[in-house]
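**Q** Would you mind keeping the following structure in view while I ask a few things?
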There are 2 protein chains.
Amino acid sequence: MNGAHTLVHTLLDSGVDVCFANPGTSEMHFVAALDRVPGMRCVLGLFEGVATGAADGYYRMTDRPAATLLHLGPGLANGLANLHNAKKARSGIVNIVGDHATAHLALDAPLTADVHGVAAPMSHWVRTVDSVDALAADGRAAVAQARARPGRIATLILPADKAWSEAAGAPVRQGPVPEAAPDALDAGAIERTAQALRTQGASTLLLLGGRALRADATRWAGRIAAATGCAVMSEFYGARLERGAGRAAIPRVPYAVDAAVAALARFRHIILVGAAEPVAFFAYPGKPGRLAPPGCRFTALATPAHDAERALAALCDALDAAHLACPVLDQAVPGAEAGAGPLDSASIASVLAALIPEDAIVVDEAISTGRAFDRPTSTAAPHDWLTGMGGSIGYGLPVAVGAALGAPGRKVIALEGDGSAMYTPQALWTMAREGLDVTAVVFANRSYQILRGEFAGVGAGAPGQRATDMLTFDRPALDWVALGRGLGVPAARVESPAAFAAALRRALDSGGPGLIEVVL
Amino acid sequence: MNGAHTLVHTLLDSGVDVCFANPGTSEMHFVAALDRVPGMRCVLGLFEGVATGAADGYYRMTDRPAATLLHLGPGLANGLANLHNAKKARSGIVNIVGDHATAHLALDAPLTADVHGVAAPMSHWVRTVDSVDALAADGRAAVAQARARPGRIATLILPADKAWSEAAGAPVRQGPVPEAAPDALDAGAIERTAQALRTQGASTLLLLGGRALRADATRWAGRIAAATGCAVMSEFYGARLERGAGRAAIPRVPYAVDAAVAALARFRHIILVGAAEPVAFFAYPGKPGRLAPPGCRFTALATPAHDAERALAALCDALDAAHLACPVLDQAVPGAEAGAGPLDSASIASVLAALIPEDAIVVDEAISTGRAFDRPTSTAAPHDWLTGMGGSIGYGLPVAVGAALGAPGRKVIALEGDGSAMYTPQALWTMAREGLDVTAVVFANRSYQILRGEFAGVGAGAPGQRATDMLTFDRPALDWVALGRGLGVPAARVESPAAFAAALRRALDSGGPGLIEVVL
């Protein structure tokens, strides 16, 4: 059994059975091994950012890592932006990156690069295989890293000669690597938190992030709020927020600094549950970077290494609130789906609220258009809402690919700004290739609309012609219907709320991938 | 004058007046400065790999660096693959990469990353601005790095607060930074080389690379061959080979190891002129990495730091050959432009040979389809031929953008494999935006055809179904006519040599961007 065969075998044995790939010559032995070892679902992306983003989406929906297969330093480089996003989302991923045969590196062939150096900034763990006989252990170590709690980005660099050499023996089967156990809860901290909530609930915020955004966890948080009068919010971004009618209402901390500062102004104590202190996305002259009011106290009920749901349940118990109904449920609002009026954020939100199907997965990269979606869509049928965690745009379509593969049978809606979608449009082809049930909705305002706001926000005034040219792409306008067709995805263009609703219903009913260009 | 304004001012003063940009919030002050300081041509790309590849193409045609403007670690990461290619092409580039305001970094906002770490593997020089008052000097130092000989990748990281803070005074004008002077030629080495050629010309190869591929240099090389009977070849890849009818015939070292070994087998001495020892692109089990025969002697007449043309002229003088005609000229072959017969590499090459316009720039990323283009197209009207230097695909369309901007009035033909073109299709939009005279020809074999050969080449045998699925993308087929339209570029599909010839003539005549999908 050669090294590549050993590695595929090891990944499968360790519980990694999906691989998002964009291979090259140095990965051909790995590709060949796929023919020999059944069980690995290998999904081709035509750009590496599709592969890494898909692995992020897959983890978010399954809590299990997928592998990626990438080609040398530049191939890994093309995947880095979505690895950055995945790292910030605390998704576990096992990157397999081919490299030149070790002896070939000294010859400085064209593709030679410092692969370890490329990997390091966006990985928690990087290892270069230095013996075919160590490969099974290396592969298992990479999976264990990805299955840490929270998940980690593990990058295993596989020189071609280690892939093609014969290993001394077949790897021993050891079975799936379990997710790491959570850190033990601190009973004292829970009791102290309960005590603080009992006396100062009204000025306290439970700030949820990570797995505290799952429905079971938010239900405990709702009971705690019912018992103590504290507020509950989520971080602005969330890897997977389970929300919708019948679930606890969890508003997000706003993106804009002023709005966030206002939303947090009344809190004297913020209890972090899988979340971090809220900070501004960017710094602005004369504005604070820390969003909570000065003097606000932070305590961590659960870090991302803890079991957030258990921590909330234990806090609920300590408050003797486990029996309470969760009072802050979102209620379904009967259907003002689509009316007359302009096609804008508000009317789009109404359509979404009415049509998001039960158990859908919404991947939100709608940026400026989506800023108003939060509240109206919280009353839609129960669904998962995934947002970008690392701030690097181009995450949405790839994450939708991985989410669809990780949660078969569930409908996926990817809400995309047109600027954002242009970073990784190749993901549409993978949706077509795999027949994924994803509806991509592209909001075509033909500009980096958010940057117009940011331009003013950083104190640069109003953009002149040359600056405006850097913020707009209406000349020429992108034709998303043509782009969809070019990539194998049926597409439609809409220019009214009613047309949007009809197109969305049709796309969701189709069961396959579809694209809707919403012209704003 | 704030820092951003100072930097734009400094770049212009230093002679950098083109900027390929994909900005974000942290770059808004730089964008704002464009309105205030006239003279910087700022070109928007909808993906960062377009910006970095365009800067490579611009340098190749002008020998002058352009700037790029990129957004934080992930934006830089998206540009790395083409920076890798540019680095290997020895193109000078000044990357301006925004970062968070320094105080904001400690807050670990979503976009926070190790920008320096991301830059380092693909940069020769990285500096983070740490004072607005040092910015003018930092900017000038970056330009000087890019104008080294050979060119270098200089990355200047600009924290947002340094961009928005006021500098103590206006920067002093110092005028354009000249290209670094070449290293002095070694008269002794030239005399020894002449001596070796006089006695062993027939077993000697002049191997040209870098600026030794310019027409003036190849003419000296042709005379040296005439005087001594030595052979002249170019590296497999070349940043810019000036070739075509009436110029010296410079065959390329073949890509395939066996063919390259055969082509070099008779040489006992290889004289490097701006070139490196020829090595295999990849390592293969049981095949050599070094392509020259064992015992072959290498001497360097000129490194990339020397003036290759002067070195060749001096060698010619030493050989008393400067008066000779250059006998190995390529001759125009009268026009078997397009006949009947199948649409394949050979018939495509015939059409190209007949229709490449005088003074055209051909950017070659045709990969497997283009392997047979070298000899037939060498007799076309005089033109420049640019190839990928770093082996990372997705370089071609962006380099065509930069080449067109760097050489206005010249027609650009980008020859693209469909797999390659899918990495950076966003470049098509920039061609449309800027009205560039680029014809993109996409060879649609709907597979990573080269990998089928590599699969066998690395000893993996014949691909089974799962492996084949990783090497092909015919399901669904990409529709390049639709993709072109989606990105604003008129497009046509052809399925015969005659149709290809007609479409190519039409596209070249149009004067604007066009795309031709050649279905294979």
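If you're wondering about the labels, chains in the structure tokens are A, B, ... by order shown, residues count from 1 in each chain, ligands from 1 in order shown.
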Would you mind listing, for every residue of segment 128-224 of chain A within 10 Å of segment 35-59 of chain A, the two atoms forming the shortest contact and the distance between them in Å to one decimal, using only C-alpha atoms, sorted by chain and ascending residue number, as a Markdown table?

**A**
| residue | atom | partner | partner_atom | distance |
| --- | --- | --- | --- | --- |
| A:Ala146 | CA | A:Tyr59 | CA | 9.8 |
| A:Gly151 | CA | A:Tyr59 | CA | 8.7 |
| A:Ile153 | CA | A:Asp56 | CA | 9.9 |

**Q** Go through segment 224-432 of chain B and collect every residue that DSSP, computed from the backbone, puts in helix (DSSP H, G or I); the answer should be as a PyMOL selection string.

**A** chain B and resi 224-228+257-264+308-318+345-355+367-370+374-377+396-406+418-421+427-432

**Q** Would you export the selected residues with C-alpha atoms as a CSV table (one decimal), in the first residue's frame, please?

**A**
chain,number,residue,atom,x,y,z
B,224,ILE,CA,26.9,33.5,-31.8
B,225,ALA,CA,25.3,30.3,-33.0
B,226,ALA,CA,26.3,31.2,-36.6
B,227,ALA,CA,29.9,31.8,-35.6
B,228,THR,CA,30.3,28.7,-33.4
B,257,VAL,CA,10.8,15.1,-19.0
B,258,ASP,CA,11.6,12.4,-21.6
B,259,ALA,CA,11.4,14.9,-24.4
B,260,ALA,CA,13.5,17.5,-22.6
B,261,VAL,CA,16.1,14.9,-21.7
B,262,ALA,CA,16.3,13.9,-25.4
B,263,ALA,CA,16.5,17.5,-26.5
B,264,LEU,CA,19.4,18.2,-24.2
B,308,ALA,CA,21.7,39.8,-20.7
B,309,GLU,CA,21.7,41.7,-24.0
B,310,ARG,CA,25.0,43.4,-23.3
B,311,ALA,CA,26.5,40.1,-22.2
B,312,LEU,CA,25.5,38.5,-25.4
B,313,ALA,CA,26.8,41.4,-27.4
B,314,ALA,CA,30.1,41.3,-25.6
B,315,LEU,CA,30.4,37.6,-26.2
B,316,CYS,CA,29.6,38.2,-29.9
B,317,ASP,CA,32.4,40.8,-30.0
B,318,ALA,CA,34.8,38.4,-28.3
B,345,SER,CA,-4.0,21.6,-31.6
B,346,ALA,CA,-2.4,21.4,-35.1
B,347,SER,CA,-5.2,23.2,-36.9
B,348,ILE,CA,-5.5,25.8,-34.1
B,349,ALA,CA,-1.8,26.4,-34.4
B,350,SER,CA,-2.1,27.0,-38.1
B,351,VAL,CA,-4.8,29.5,-37.6
B,352,LEU,CA,-2.8,31.3,-35.0
B,353,ALA,CA,0.3,31.3,-37.1
B,354,ALA,CA,-1.6,33.0,-39.9
B,355,LEU,CA,-3.6,35.5,-37.8
B,367,ILE,CA,-1.6,24.0,-21.3
B,368,SER,CA,-2.2,20.7,-23.0
B,369,THR,CA,-3.9,22.1,-26.1
B,370,GLY,CA,-1.0,24.5,-26.5
B,374,ASP,CA,5.5,26.5,-30.3
B,375,ARG,CA,7.0,25.5,-33.6
B,376,PRO,CA,4.1,26.5,-36.0
B,377,THR,CA,3.5,29.9,-34.4
B,396,GLY,CA,-3.3,34.1,-18.1
B,397,LEU,CA,-6.4,36.3,-18.2
B,398,PRO,CA,-5.1,38.6,-15.4
B,399,VAL,CA,-1.7,38.9,-17.1
B,400,ALA,CA,-3.5,39.8,-20.4
B,401,VAL,CA,-5.2,42.7,-18.5
B,402,GLY,CA,-1.9,44.1,-17.3
B,403,ALA,CA,-0.2,43.5,-20.7
B,404,ALA,CA,-2.9,45.4,-22.5
B,405,LEU,CA,-2.7,48.3,-20.1
B,406,GLY,CA,1.1,48.3,-20.2
B,418,ASP,CA,-10.8,26.0,-19.8
B,419,GLY,CA,-9.6,24.6,-16.5
B,420,SER,CA,-7.1,27.4,-16.2
B,421,ALA,CA,-9.5,30.2,-17.1
B,427,ALA,CA,-10.4,39.2,-15.3
B,428,LEU,CA,-12.9,39.2,-18.2
B,429,TRP,CA,-15.0,41.8,-16.5
B,430,THR,CA,-11.9,44.1,-16.0
B,431,MET,CA,-11.2,43.8,-19.8
B,432,ALA,CA,-14.8,44.9,-20.4

**Q** Could you give me, as an mmCIF file with N, CA and C atoms, in the first residue's frame, the residues within 12 Å of Lys411 of chain A, counting only C-alpha atoms and dropping anything in the same chain fewer than 3 positions from it?

**A**
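The result, written out as result.cif:
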data_model
loop_
_atom_site.group_PDB
_atom_site.id
_atom_site.type_symbol
_atom_site.label_atom_id
_atom_site.label_comp_id
_atom_site.auth_asym_id
_atom_site.auth_seq_id
_atom_site.Cartn_x
_atom_site.Cartn_y
_atom_site.Cartn_z
ATOM 1 N N LEU A 355 -41.257 32.613 2.944
ATOM 2 C CA LEU A 355 -40.940 31.448 2.101
ATOM 3 C C LEU A 355 -39.783 30.586 2.586
ATOM 4 N N ILE A 356 -39.009 31.055 3.550
ATOM 5 C CA ILE A 356 -37.933 30.168 4.039
ATOM 6 C C ILE A 356 -38.587 28.873 4.505
ATOM 7 N N PRO A 357 -38.227 27.743 3.905
ATOM 8 C CA PRO A 357 -38.914 26.499 4.259
ATOM 9 C C PRO A 357 -38.463 25.986 5.622
ATOM 10 N N GLU A 358 -39.308 25.209 6.244
ATOM 11 C CA GLU A 358 -38.952 24.614 7.521
ATOM 12 C C GLU A 358 -37.685 23.791 7.357
ATOM 13 N N ASP A 359 -36.789 23.963 8.308
ATOM 14 C CA ASP A 359 -35.542 23.209 8.346
ATOM 15 C C ASP A 359 -34.548 23.657 7.269
ATOM 16 N N ALA A 360 -34.814 24.797 6.660
ATOM 17 C CA ALA A 360 -33.873 25.303 5.655
ATOM 18 C C ALA A 360 -32.584 25.759 6.319
ATOM 19 N N ILE A 361 -31.580 25.865 5.503
ATOM 20 C CA ILE A 361 -30.295 26.425 5.918
ATOM 21 C C ILE A 361 -30.092 27.705 5.110
ATOM 22 N N VAL A 362 -29.966 28.815 5.801
ATOM 23 C CA VAL A 362 -29.757 30.089 5.113
ATOM 24 C C VAL A 362 -28.304 30.509 5.314
ATOM 25 N N VAL A 363 -27.587 30.664 4.228
ATOM 26 C CA VAL A 363 -26.211 31.154 4.287
ATOM 27 C C VAL A 363 -26.256 32.624 3.905
ATOM 28 N N HIS A 383 -35.320 27.421 11.093
ATOM 29 C CA HIS A 383 -34.250 27.259 10.105
ATOM 30 C C HIS A 383 -32.920 27.559 10.765
ATOM 31 N N ASP A 384 -31.845 27.260 10.054
ATOM 32 C CA ASP A 384 -30.492 27.609 10.522
ATOM 33 C C ASP A 384 -29.995 28.803 9.731
ATOM 34 N N ALA A 400 -22.371 27.188 1.208
ATOM 35 C CA ALA A 400 -23.650 26.575 0.828
ATOM 36 C C ALA A 400 -23.431 25.188 0.228
ATOM 37 N N VAL A 401 -22.375 25.038 -0.560
ATOM 38 C CA VAL A 401 -22.043 23.714 -1.118
ATOM 39 C C VAL A 401 -21.827 22.709 0.017
ATOM 40 N N ALA A 403 -22.660 22.948 3.190
ATOM 41 C CA ALA A 403 -23.847 22.772 4.037
ATOM 42 C C ALA A 403 -24.819 21.798 3.392
ATOM 43 N N ALA A 404 -24.998 21.918 2.083
ATOM 44 C CA ALA A 404 -25.924 21.031 1.381
ATOM 45 C C ALA A 404 -25.431 19.584 1.443
ATOM 46 N N LEU A 405 -24.132 19.405 1.308
ATOM 47 C CA LEU A 405 -23.598 18.045 1.366
ATOM 48 C C LEU A 405 -23.628 17.493 2.789
ATOM 49 N N GLY A 406 -23.489 18.388 3.754
ATOM 50 C CA GLY A 406 -23.495 17.942 5.146
ATOM 51 C C GLY A 406 -24.886 17.687 5.685
ATOM 52 N N ALA A 407 -25.889 18.266 5.056
ATOM 53 C CA ALA A 407 -27.262 18.136 5.557
ATOM 54 C C ALA A 407 -28.193 17.759 4.418
ATOM 55 N N PRO A 408 -28.013 16.563 3.860
ATOM 56 C CA PRO A 408 -28.851 16.186 2.720
ATOM 57 C C PRO A 408 -30.324 16.169 3.125
ATOM 58 N N ALA A 414 -28.697 30.548 -0.298
ATOM 59 C CA ALA A 414 -27.514 31.394 -0.141
ATOM 60 C C ALA A 414 -27.870 32.809 -0.552
ATOM 61 N N LEU A 436 -26.983 19.798 -6.044
ATOM 62 C CA LEU A 436 -27.297 20.229 -4.680
ATOM 63 C C LEU A 436 -28.554 21.103 -4.652
ATOM 64 N N ASP A 437 -29.296 20.970 -3.578
ATOM 65 C CA ASP A 437 -30.558 21.696 -3.415
ATOM 66 C C ASP A 437 -30.292 23.079 -2.824
ATOM 67 N N VAL A 438 -29.603 23.890 -3.605
ATOM 68 C CA VAL A 438 -29.206 25.229 -3.160
ATOM 69 C C VAL A 438 -29.834 26.269 -4.083
ATOM 70 N N THR A 439 -30.460 27.256 -3.483
ATOM 71 C CA THR A 439 -30.939 28.409 -4.243
ATOM 72 C C THR A 439 -30.058 29.603 -3.890
ATOM 73 N N ALA A 440 -29.339 30.083 -4.880
ATOM 74 C CA ALA A 440 -28.491 31.253 -4.661
ATOM 75 C C ALA A 440 -29.279 32.503 -5.060
ATOM 76 N N LEU A 504 -38.456 32.517 -6.179
ATOM 77 C CA LEU A 504 -37.911 31.792 -5.025
ATOM 78 C C LEU A 504 -38.700 30.515 -4.788
ATOM 79 N N ARG A 505 -40.008 30.618 -4.911
ATOM 80 C CA ARG A 505 -40.838 29.423 -4.716
ATOM 81 C C ARG A 505 -40.498 28.361 -5.766
ATOM 82 N N ALA A 507 -37.691 28.038 -7.468
ATOM 83 C CA ALA A 507 -36.341 27.491 -7.272
ATOM 84 C C ALA A 507 -36.330 26.500 -6.113
ATOM 85 N N LEU A 508 -37.040 26.851 -5.036
ATOM 86 C CA LEU A 508 -37.067 25.940 -3.882
ATOM 87 C C LEU A 508 -37.776 24.643 -4.238
ATOM 88 N N ASP A 509 -38.814 24.756 -5.042
ATOM 89 C CA ASP A 509 -39.560 23.557 -5.437
ATOM 90 C C ASP A 509 -38.776 22.664 -6.392
ATOM 91 N N SER A 510 -37.812 23.256 -7.094
ATOM 92 C CA SER A 510 -37.137 22.477 -8.148
ATOM 93 C C SER A 510 -36.297 21.347 -7.578
ATOM 94 N N GLY A 511 -35.816 21.515 -6.358
ATOM 95 C CA GLY A 511 -35.023 20.454 -5.740
ATOM 96 C C GLY A 511 -33.568 20.437 -6.184
ATOM 97 N N GLY A 512 -33.252 21.232 -7.181
ATOM 98 C CA GLY A 512 -31.859 21.279 -7.630
ATOM 99 C C GLY A 512 -31.317 22.672 -7.443
ATOM 100 N N PRO A 513 -30.121 22.939 -7.919
ATOM 101 C CA PRO A 513 -29.597 24.300 -7.740
ATOM 102 C C PRO A 513 -30.307 25.299 -8.638
ATOM 103 N N GLY A 514 -30.400 26.505 -8.172
ATOM 104 C CA GLY A 514 -30.994 27.585 -8.951
ATOM 105 C C GLY A 514 -30.387 28.905 -8.511
#

**Q** What's the separation between atom CA of Ser378 of chain A and atom CA of Ala245 of chain A, in Å to one decimal place?

**A**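 Distance reported for this atom pair: 6.8 Å.
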
**Q** What gap, in Å, lies between atom CA of Ala276 of chain B and atom CA of Pro254 of chain B?

**A**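 Straight-line distance from atom CA of Ala276 of chain B to atom CA of Pro254 of chain B works out to 14.7 Å.
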
**Q** Quick one: of B:Val143, B:Ala275, B:Leu111, B:Leu241, who's nearest to chain A, counting only C-alpha atoms?

**A**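 With only C-alpha atoms as the atom set, the closest residue is B:Leu111.
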
**Q** Please, what distance in Å, to one decimal, runs between atom CA of Thr112 of chain A and atom CA of Ala154 of chain B?

**A** 19.2 Å

**Q** Going by DSSP on the backbone, which bits of segment 335-476 of chain B are strand (DSSP E or B)? Write them as a list in words, please.

**A**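 In segment 335-476 of chain B, DSSP puts these residues in strand (DSSP E or B): Ala360, Ile361, Val362, Val363, Asp364, Glu365, His383, Asp384, Trp385, Leu386, Thr387, Val412, Ile413, Ala414, Leu415, Glu416, Gly417, Val438, Thr439, Ala440, Val441, Val442, Phe443, Ala444, Ser447 and Thr472 of chain B.
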
**Q** Show which residues sit within 9 Å of Ile157 of chain B, as an MDAnalysis selection string. Count only C-alpha atoms, and ignore same-chain residues fewer than 6 positions away.

**A** chainID B and resid 72 95:99 115:116 126:129

**Q** Those same residues, written as a PDB file, in the first residue's frame with N, CA and C atoms?

**A**
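Everything below was put into result_10.pdb:
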ATOM      1  N   LEU B  72      -6.376  43.597   3.611  1.00  0.00           N
ATOM      2  CA  LEU B  72      -6.051  42.772   4.774  1.00  0.00           C
ATOM      3  C   LEU B  72      -5.510  41.392   4.380  1.00  0.00           C
ATOM      4  N   ASN B  95       2.943  45.897  -3.635  1.00  0.00           N
ATOM      5  CA  ASN B  95       1.640  45.599  -3.038  1.00  0.00           C
ATOM      6  C   ASN B  95       1.394  46.535  -1.870  1.00  0.00           C
ATOM      7  N   ILE B  96       0.275  47.227  -1.913  1.00  0.00           N
ATOM      8  CA  ILE B  96      -0.163  48.004  -0.752  1.00  0.00           C
ATOM      9  C   ILE B  96      -1.305  47.209  -0.119  1.00  0.00           C
ATOM     10  N   VAL B  97      -1.077  46.746   1.095  1.00  0.00           N
ATOM     11  CA  VAL B  97      -2.070  45.914   1.767  1.00  0.00           C
ATOM     12  C   VAL B  97      -2.530  46.631   3.020  1.00  0.00           C
ATOM     13  N   GLY B  98      -3.788  46.974   3.056  1.00  0.00           N
ATOM     14  CA  GLY B  98      -4.315  47.614   4.251  1.00  0.00           C
ATOM     15  C   GLY B  98      -4.381  46.638   5.408  1.00  0.00           C
ATOM     16  N   ASP B  99      -4.274  47.159   6.595  1.00  0.00           N
ATOM     17  CA  ASP B  99      -4.494  46.329   7.788  1.00  0.00           C
ATOM     18  C   ASP B  99      -5.336  47.150   8.762  1.00  0.00           C
ATOM     19  N   VAL B 115      -0.913  39.373   8.599  1.00  0.00           N
ATOM     20  CA  VAL B 115      -0.726  39.847   7.217  1.00  0.00           C
ATOM     21  C   VAL B 115       0.725  39.649   6.784  1.00  0.00           C
ATOM     22  N   HIS B 116       1.640  39.938   7.679  1.00  0.00           N
ATOM     23  CA  HIS B 116       3.058  39.763   7.348  1.00  0.00           C
ATOM     24  C   HIS B 116       3.331  38.299   7.002  1.00  0.00           C
ATOM     25  N   VAL B 126       8.927  42.661   2.842  1.00  0.00           N
ATOM     26  CA  VAL B 126       7.657  43.000   3.507  1.00  0.00           C
ATOM     27  C   VAL B 126       7.964  44.025   4.597  1.00  0.00           C
ATOM     28  N   ARG B 127       7.193  45.079   4.622  1.00  0.00           N
ATOM     29  CA  ARG B 127       7.364  46.052   5.702  1.00  0.00           C
ATOM     30  C   ARG B 127       5.992  46.532   6.156  1.00  0.00           C
ATOM     31  N   THR B 128       5.824  46.649   7.475  1.00  0.00           N
ATOM     32  CA  THR B 128       4.607  47.232   8.025  1.00  0.00           C
ATOM     33  C   THR B 128       4.904  48.672   8.417  1.00  0.00           C
ATOM     34  N   VAL B 129       4.106  49.587   7.926  1.00  0.00           N
ATOM     35  CA  VAL B 129       4.304  51.005   8.227  1.00  0.00           C
ATOM     36  C   VAL B 129       4.059  51.217   9.722  1.00  0.00           C
TER      37      VAL B 129
END

**Q** List the neighbours of Asp114 of chain A out to 9 Å using only C-alpha atoms; skip same-chain residues closer than 3 positions along the sequence, and give me the result as an MDAnalysis selection string.

**A** (chainID A and resid 73 117:119) or (chainID B and resid 121:122)

**Q** I'd like the neighbourhood of Gly3 of chain B as a ChimeraX atom specification, where a residue qualifies if any of its atoms comes within 7 Å (using only C-alpha atoms), though same-chain residues fewer than 5 positions away should be ignored.

**A** /B:132,135,162-167

**Q** Taking N, CA and C atoms for each residue, export the selection above as a PDB file, in the first residue's frame.

**A**
ATOM      1  N   VAL B 132       3.233  57.364  10.443  1.00  0.00           N
ATOM      2  CA  VAL B 132       2.806  58.088   9.245  1.00  0.00           C
ATOM      3  C   VAL B 132       3.945  58.942   8.694  1.00  0.00           C
ATOM      4  N   LEU B 135       6.076  57.131   6.206  1.00  0.00           N
ATOM      5  CA  LEU B 135       5.360  56.513   5.099  1.00  0.00           C
ATOM      6  C   LEU B 135       5.971  56.838   3.731  1.00  0.00           C
ATOM      7  N   LYS B 162      -2.456  54.639  10.172  1.00  0.00           N
ATOM      8  CA  LYS B 162      -1.351  55.331   9.495  1.00  0.00           C
ATOM      9  C   LYS B 162      -1.852  55.980   8.203  1.00  0.00           C
ATOM     10  N   ALA B 163      -2.908  55.413   7.620  1.00  0.00           N
ATOM     11  CA  ALA B 163      -3.481  56.007   6.412  1.00  0.00           C
ATOM     12  C   ALA B 163      -4.276  57.261   6.738  1.00  0.00           C
ATOM     13  N   TRP B 164      -4.942  57.253   7.878  1.00  0.00           N
ATOM     14  CA  TRP B 164      -5.813  58.408   8.140  1.00  0.00           C
ATOM     15  C   TRP B 164      -5.145  59.500   8.990  1.00  0.00           C
ATOM     16  N   SER B 165      -4.008  59.200   9.598  1.00  0.00           N
ATOM     17  CA  SER B 165      -3.339  60.229  10.406  1.00  0.00           C
ATOM     18  C   SER B 165      -2.663  61.262   9.512  1.00  0.00           C
ATOM     19  N   GLU B 166      -2.521  62.462  10.069  1.00  0.00           N
ATOM     20  CA  GLU B 166      -1.846  63.527   9.334  1.00  0.00           C
ATOM     21  C   GLU B 166      -0.332  63.403   9.481  1.00  0.00           C
ATOM     22  N   ALA B 167       0.369  63.487   8.361  1.00  0.00           N
ATOM     23  CA  ALA B 167       1.831  63.482   8.403  1.00  0.00           C
ATOM     24  C   ALA B 167       2.325  64.880   8.764  1.00  0.00           C
TER      25      ALA B 167
END
